[in-house]
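One file, coords_2.tsv, is given below (TSV, C-alpha atoms and all ligand atoms).
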```tsv
chain	number	residue	atom	x	y	z
W	593	MET	CA	-9.65	-9.65	-6.97
W	594	LYS	CA	-6.30	-11.20	-6.03
W	595	LEU	CA	-4.01	-9.77	-3.39
W	596	ARG	CA	-0.42	-10.56	-2.57
W	597	MET	CA	1.59	-8.58	-0.07
W	598	LEU	CA	5.16	-8.05	-1.26
W	599	GLY	CA	5.94	-7.42	2.36
W	600	THR	CA	4.20	-6.84	5.65
W	601	GLY	CA	6.97	-5.35	7.76
W	602	SER	CA	7.58	-2.03	9.44
W	603	ALA	CA	10.01	0.46	7.90
W	604	PHE	CA	12.88	-0.96	9.96
W	605	SER	CA	11.98	-4.65	9.80
W	606	LYS	CA	14.78	-7.04	8.92
W	607	VAL	CA	12.52	-10.11	8.95
W	608	PHE	CA	9.73	-8.88	6.70
W	609	TYR	CA	9.83	-6.83	3.54
W	610	ASN	CA	8.29	-3.35	3.33
W	611	THR	CA	4.51	-3.20	3.46
W	612	ASN	CA	3.75	-3.00	-0.25
W	613	ALA	CA	0.96	-4.88	-2.04
W	614	LEU	CA	0.00	-6.29	-5.41
W	615	LEU	CA	-3.67	-6.17	-6.38
W	616	THR	CA	-4.68	-8.01	-9.52
W	617	LYS	CA	-8.01	-7.60	-11.26
W	618	ASN	CA	-8.81	-8.75	-14.79
W	619	GLU	CA	-5.20	-9.85	-15.25
W	620	GLN	CA	-3.90	-6.34	-14.62
W	621	THR	CA	-1.79	-5.56	-11.59
W	622	LEU	CA	-1.50	-2.52	-9.38
W	623	MET	CA	1.38	-2.19	-6.94
W	624	ILE	CA	0.43	-0.26	-3.82
W	625	ASP	CA	3.62	1.48	-2.75
W	626	CYS	CA	7.09	0.52	-3.93
W	627	GLY	CA	9.52	0.57	-1.05
W	628	ASN	CA	13.22	-0.22	-0.79
W	629	THR	CA	12.56	-3.95	-0.71
W	630	ALA	CA	9.94	-4.18	-3.48
W	631	PRO	CA	12.34	-5.11	-6.32
W	632	ARG	CA	13.90	-7.84	-4.18
W	633	ALA	CA	10.50	-9.20	-3.07
W	634	LEU	CA	9.25	-9.28	-6.67
W	635	TYR	CA	12.41	-11.10	-7.74
W	636	GLU	CA	11.93	-13.74	-5.04
W	637	LEU	CA	8.32	-14.23	-6.11
W	638	GLY	CA	9.39	-14.66	-9.73
W	639	ILE	CA	7.45	-11.58	-10.82
W	640	SER	CA	9.05	-9.29	-13.38
W	641	LEU	CA	8.64	-5.56	-12.89
W	642	SER	CA	7.21	-5.55	-16.41
W	643	GLU	CA	4.14	-7.44	-15.13
W	644	ILE	CA	3.11	-4.37	-13.13
W	645	ASP	CA	0.71	-2.08	-14.95
W	646	ALA	CA	0.36	0.71	-12.42
W	647	VAL	CA	1.80	1.86	-9.12
W	648	LEU	CA	0.04	3.90	-6.48
W	649	ILE	CA	1.99	5.83	-3.85
W	650	SER	CA	0.51	6.57	-0.43
W	651	HIS	CA	3.19	8.92	0.89
W	652	ILE	CA	6.87	9.76	0.69
W	653	HIS	CA	8.81	7.47	2.99
W	654	ALA	CA	11.48	5.07	1.74
W	655	ASP	CA	9.53	1.95	2.71
W	656	HIS	CA	6.81	3.20	0.32
W	657	ILE	CA	8.84	4.82	-2.49
W	658	GLY	CA	12.44	3.58	-2.14
W	659	GLY	CA	12.09	1.07	-4.99
W	660	LEU	CA	10.69	3.56	-7.50
W	661	GLU	CA	14.02	4.52	-9.04
W	662	GLU	CA	14.77	0.93	-9.99
W	663	PHE	CA	11.18	0.43	-11.14
W	664	ALA	CA	11.39	3.51	-13.39
W	665	PHE	CA	14.80	2.59	-14.83
W	666	GLN	CA	13.87	-1.03	-15.45
W	667	MET	CA	10.59	-0.11	-17.09
W	668	LYS	CA	12.23	2.46	-19.34
W	669	PHE	CA	15.49	0.79	-20.29
W	670	LEU	CA	14.82	-2.94	-19.93
W	671	HIS	CA	11.13	-3.22	-20.78
W	672	GLY	CA	10.41	-0.08	-22.85
W	673	ARG	CA	7.22	0.53	-20.91
W	674	MET	CA	5.58	3.58	-19.40
W	675	PRO	CA	3.80	2.50	-16.21
W	676	LYS	CA	0.89	4.42	-14.78
W	677	LEU	CA	1.67	6.30	-11.58
W	678	TYR	CA	-1.24	7.24	-9.30
W	679	ILE	CA	-0.46	9.67	-6.52
W	680	ALA	CA	-2.18	12.48	-4.64
W	681	ASP	CA	-1.83	15.73	-6.57
W	682	VAL	CA	0.01	17.42	-3.67
W	683	LEU	CA	2.71	14.73	-3.73
W	684	VAL	CA	3.61	14.87	-7.43
W	685	GLU	CA	6.13	17.67	-7.10
W	686	PRO	CA	7.71	16.50	-3.82
W	687	LEU	CA	8.06	12.97	-5.20
W	688	TRP	CA	10.16	14.29	-8.07
W	689	GLU	CA	11.93	17.25	-6.49
W	690	ASN	CA	12.67	15.75	-3.08
W	691	ALA	CA	13.02	12.07	-3.82
W	692	LEU	CA	13.47	10.82	-7.40
W	693	LYS	CA	15.13	13.65	-9.32
W	694	GLY	CA	18.60	12.95	-7.92
W	695	GLY	CA	18.73	9.54	-9.58
W	696	LEU	CA	16.34	9.81	-12.52
W	697	TYR	CA	17.13	13.29	-13.88
W	698	GLN	CA	18.95	13.30	-17.20
W	699	GLU	CA	19.02	16.11	-19.72
W	700	GLU	CA	16.86	14.10	-22.11
W	701	PHE	CA	14.59	12.82	-19.31
W	702	PRO	CA	14.09	15.90	-17.14
W	703	SER	CA	10.78	15.11	-15.41
W	704	LEU	CA	8.64	12.45	-13.75
W	705	GLU	CA	6.48	12.35	-16.88
W	706	HIS	CA	9.43	10.97	-18.87
W	707	TYR	CA	9.22	7.79	-16.80
W	708	PHE	CA	5.57	7.46	-15.81
W	709	ASP	CA	2.09	8.25	-17.06
W	710	VAL	CA	1.29	10.40	-14.06
W	711	TYR	CA	-2.29	10.53	-12.76
W	712	PRO	CA	-2.57	13.11	-9.97
W	713	MET	CA	-5.45	12.18	-7.66
W	714	LYS	CA	-7.70	14.43	-5.63
W	715	PRO	CA	-8.71	13.00	-2.26
W	716	GLY	CA	-12.39	12.01	-2.13
W	717	VAL	CA	-12.64	11.37	-5.87
W	718	ILE	CA	-13.01	7.82	-7.21
W	719	TYR	CA	-10.55	6.87	-9.98
W	720	GLU	CA	-10.68	3.71	-12.07
W	721	VAL	CA	-6.95	3.00	-11.89
W	722	LEU	CA	-7.24	-0.26	-13.84
W	723	PRO	CA	-10.34	-1.87	-15.38
W	724	ASP	CA	-12.84	-2.60	-12.54
W	725	LEU	CA	-10.37	-1.39	-9.91
W	726	LYS	CA	-11.52	1.86	-8.38
W	727	ILE	CA	-9.63	3.79	-5.75
W	728	LYS	CA	-10.47	6.79	-3.62
W	729	LEU	CA	-7.81	8.48	-1.50
W	730	ILE	CA	-8.48	9.77	1.99
W	731	GLN	CA	-5.97	12.07	3.61
W	732	THR	CA	-4.92	10.49	6.89
W	733	ARG	CA	-2.82	11.59	9.82
W	734	HIS	CA	0.63	10.02	9.95
W	735	ILE	CA	3.32	12.62	10.57
W	736	PRO	CA	2.44	16.28	11.08
W	737	SER	CA	3.16	18.35	7.97
W	738	LYS	CA	3.63	15.23	5.80
W	739	ALA	CA	0.72	14.51	3.48
W	740	SER	CA	-0.20	10.81	3.70
W	741	PHE	CA	-3.11	8.97	2.16
W	742	SER	CA	-5.17	5.89	2.85
W	743	LEU	CA	-7.14	4.16	0.12
W	744	ILE	CA	-10.63	2.86	-0.34
W	745	ILE	CA	-10.59	0.14	-2.96
W	746	ASN	CA	-13.75	-0.71	-4.91
W	747	GLU	CA	-15.85	1.08	-2.29
W	748	GLY	CA	-15.47	-1.68	0.30
W	749	PHE	CA	-11.82	-2.24	1.20
W	750	TYR	CA	-9.94	0.28	3.36
W	751	TYR	CA	-6.13	0.18	3.22
W	752	SER	CA	-4.53	2.52	5.72
W	753	ALA	CA	-0.99	2.57	4.41
W	754	ASP	CA	0.66	4.51	7.29
W	755	ALA	CA	-1.71	6.24	9.69
W	756	ILE	CA	-2.08	6.92	13.37
W	757	PHE	CA	-5.10	5.46	15.17
W	758	ASP	CA	-8.24	7.39	14.35
W	759	GLN	CA	-11.19	5.68	15.99
W	760	GLU	CA	-13.77	8.18	14.74
W	761	MET	CA	-12.67	7.74	11.16
W	762	LEU	CA	-12.66	3.94	11.38
W	763	LEU	CA	-16.15	3.93	12.93
W	764	SER	CA	-17.36	6.26	10.21
W	765	LEU	CA	-15.80	4.11	7.48
W	766	GLU	CA	-17.78	1.13	8.72
W	767	ARG	CA	-21.01	3.04	9.40
W	768	ASP	CA	-21.13	5.58	6.58
W	769	GLU	CA	-19.04	4.01	3.82
W	770	GLN	CA	-19.99	0.38	4.55
W	771	ILE	CA	-16.36	-0.70	4.52
W	772	LYS	CA	-16.25	-4.50	4.75
W	773	LEU	CA	-12.51	-5.14	4.85
W	774	PHE	CA	-9.86	-3.14	6.71
W	775	PHE	CA	-6.08	-3.43	6.34
W	776	HIS	CA	-4.35	-1.35	8.99
W	777	ASP	CA	-0.73	-0.68	9.88
W	778	CYS	CA	0.01	-1.98	13.34
W	779	GLN	CA	2.87	-1.09	15.59
W	780	LEU	CA	3.12	-3.93	18.08
W	781	HIS	CA	4.62	-1.90	20.90
W	782	PRO	CA	3.27	1.43	22.18
W	783	PRO	CA	3.42	4.34	21.90
W	784	GLY	CA	1.80	4.71	18.50
W	785	ALA	CA	3.35	8.07	17.70
W	786	VAL	CA	3.11	7.83	13.91
W	787	HIS	CA	1.29	4.49	13.45
W	788	ALA	CA	-1.70	2.86	15.06
W	789	CYS	CA	-0.47	0.54	17.78
W	790	LEU	CA	-1.97	-2.81	18.68
W	791	SER	CA	-3.31	-1.71	22.07
W	792	GLN	CA	-5.28	1.06	20.35
W	793	LEU	CA	-6.65	-1.20	17.60
W	794	LEU	CA	-7.79	-3.64	20.30
W	795	THR	CA	-10.22	-0.98	21.58
W	796	LEU	CA	-12.22	-1.12	18.32
W	797	PRO	CA	-15.65	-2.76	18.40
W	798	SER	CA	-15.73	-6.42	17.47
W	799	SER	CA	-17.63	-5.65	14.24
W	800	ILE	CA	-14.56	-3.78	12.96
W	801	GLN	CA	-11.96	-6.07	14.49
W	802	GLU	CA	-13.40	-9.09	12.72
W	803	LYS	CA	-13.02	-7.30	9.41
W	804	MET	CA	-9.47	-6.09	10.15
W	805	TYR	CA	-6.12	-7.46	9.02
W	806	LEU	CA	-2.86	-6.12	10.40
W	807	MET	CA	0.23	-5.14	8.39
W	808	HIS	CA	3.38	-3.03	8.75
W	809	TYR	CA	4.39	-4.95	11.88
W	810	GLY	CA	7.74	-5.43	13.61
W	811	ASP	CA	10.10	-8.36	13.68
W	812	ASP	CA	8.69	-9.93	16.85
W	813	GLN	CA	5.25	-10.40	15.23
W	814	LYS	CA	5.24	-14.15	16.05
W	815	GLU	CA	5.07	-13.35	19.76
W	816	PHE	CA	1.76	-11.57	19.15
W	817	ILE	CA	-0.04	-14.34	17.29
W	818	GLY	CA	-3.19	-15.06	19.31
W	819	ARG	CA	-2.98	-11.67	21.06
W	820	THR	CA	-4.75	-9.56	18.44
W	821	GLY	CA	-8.37	-9.95	19.51
W	822	LEU	CA	-10.55	-10.68	16.50
W	823	MET	CA	-7.97	-9.16	14.15
W	824	GLN	CA	-5.57	-11.26	12.11
W	825	PHE	CA	-2.14	-10.67	10.69
W	826	ILE	CA	-1.90	-10.56	6.93
W	827	GLU	CA	1.07	-12.57	5.67
W	828	GLN	CA	3.57	-11.54	3.06
W	829	HIS	CA	3.75	-13.54	-0.19
W	830	THR	CA	0.60	-15.59	0.52
W	831	HIS	CA	-1.98	-15.53	-2.29
W	832	TYR	CA	-5.34	-14.15	-1.16
W	833	LEU	CA	-8.64	-13.92	-2.99
W	834	ILE	CA	-11.03	-11.09	-2.11
W	835	ASP	CA	-14.68	-11.57	-3.01
W	836	PRO	CA	-15.83	-8.61	-5.13
W	837	LEU	CA	-19.18	-8.27	-3.33
W	838	THR	CA	-18.66	-9.38	0.26
W	839	PHE	CA	-14.95	-8.47	0.46
W	840	SER	CA	-14.38	-11.68	2.38
W	841	ILE	CA	-10.77	-12.72	2.12
W	842	GLN	CA	-9.30	-16.18	1.90
W	843	SER	CA	-5.82	-17.51	1.38
W	844	VAL	CA	-5.38	-19.82	-1.56
W	845	LYS	CA	-2.74	-22.39	-2.35
W	846	MET	CA	-1.13	-21.95	-5.76
W	847	GLU	CA	0.67	-24.74	-7.62
W	901	LIG	O1	8.39	11.46	13.51
W	901	LIG	C1	8.77	10.33	13.18
W	901	LIG	C2	9.19	10.03	11.88
W	901	LIG	C3	9.58	8.75	11.57
W	901	LIG	N1	9.58	7.78	12.52
W	901	LIG	C4	10.01	6.39	12.18
W	901	LIG	O2	10.57	6.39	10.86
W	901	LIG	C5	9.76	5.57	10.04
W	901	LIG	C6	9.61	6.00	8.62
W	901	LIG	O3	8.74	5.06	7.94
W	901	LIG	P1	7.31	4.73	8.60
W	901	LIG	O4	6.43	5.90	8.45
W	901	LIG	O5	6.87	3.41	8.11
W	901	LIG	O6	7.62	4.54	10.15
W	901	LIG	C7	8.39	5.60	10.70
W	901	LIG	C8	8.79	5.46	12.14
W	901	LIG	O7	9.19	4.16	12.42
W	901	LIG	C9	9.16	8.06	13.80
W	901	LIG	O8	9.11	7.19	14.66
W	901	LIG	N2	8.77	9.33	14.09
W	902	ZN	ZN	5.78	2.81	6.38
W	903	ZN	ZN	5.37	6.45	6.69
```

Could you quickly redo this structure as structure tokens?
Ligand SMILES: O=c1ccn([C@@H]2O[C@@H]3COP(=O)(O)O[C@H]3[C@H]2O)c(=O)[nH]1
Ligand SMILES: [Zn+2]
Ligand SMILES: [Zn+2]
Amino acid sequence: MKLRMLGTGSAFSKVFYNTNALLTKNEQTLMIDCGNTAPRALYELGISLSEIDAVLISHIHADHIGGLEEFAFQMKFLHGRMPKLYIADVLVEPLWENALKGGLYQEEFPSLEHYFDVYPMKPGVIYEVLPDLKIKLIQTRHIPSKASFSLIINEGFYYSADAIFDQEMLLSLERDEQIKLFFHDCQLHPPGAVHACLSQLLTLPSSIQEKMYLMHYGDDQKEFIGRTGLMQFIEQHTHYLIDPLTFSIQSVKME
């Protein structure tokens, strides 16, 4: 499985793009979240939106959905394609009514289903979103009253999207679900009101820290290199390979 982060920054970062990811398996690509900066990041990487087969949305904040209008319009009117959209069932209506309808609604295209093949997901159920790429959603705490979801990818890779620090859940993911790779959002400066902050993540046992990569960080990330315990920062635009069995991750140079 190949991974490339379109961005690794916080919602307000001006140095890094929004924390959105591309996962490629069997030559098919899933985009995890599509924030404001996703179209720009794809352009800079030389990737056409038409190369994306499916998009999965974790929750409704602009750094995770702000690029969806352009994605939908480009797919429909430039590429004549109907991408798959995976999203928790409770977010389908709010995504359209509260976010996308203003731009995408037209008399002849009056619903989300006119732009996407919509696959509503139930938390706790495993879906094969693309061939050999299975995802289970877990509802996580981010902002009270706002439904937000983390992902478990191929039963071994936890991707928090946006979540506050939840030590019990992280311990249980390692112990009960045998998670071997963790990607977690990381606010560098406390307090971690709506995200996990670095000082909290540093309290995790070493067995989890050594499996954990940090994303969704602020512009002064460089100052924290070497101050993240056994955890490492994931870098935007670098090509990574993830072993399908061990979930070990390595960066690879591409020509
Ligand atoms: O109750 C709130 C709601 C929001 N915010 C900020 O707005 C940002 C929205 O995107 P995000 O979820 O990546 O990060 C959020 C925070 O930076 C906050 O600090 N407290
Ligand atoms: Zn965010
Ligand atoms: Zn958020």

| Between CA of Ser650 in chain W and CA of Arg819 in chain W - distance in Å to one decimal | 28.4 Å

| message | Calculated over all atoms listed in the file, which of the candidates W:Glu802, W:Asp625, W:Glu619, W:Glu689 has the smallest distance to ligand ZN 903 (chain W)? | response |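 Among W:Glu802, W:Asp625, W:Glu619, W:Glu689, it is W:Asp625 that comes nearest to ligand ZN 903 (chain W).
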
| query | For ligand LIG 901 (chain W), which residue among W:Val786, W:Leu793, W:Met804, W:Val717 is the nearest when counting all atoms listed in the file? | reply | W:Val786

| message | Neighbours of ligand LIG 901 (chain W) at 12 Å or closer, counting all atoms listed in the file: which residues, as a PyMOL selection string? | response | chain W and resi 600-605+609-612+625+627-628+650-658+733-741+752-756+777-789+807-810

| task | Between W:Met823, W:Leu806, W:Ile639, W:Val710, single out the one closest to Leu794 in chain W, counting all atoms listed in the file. | result | W:Met823
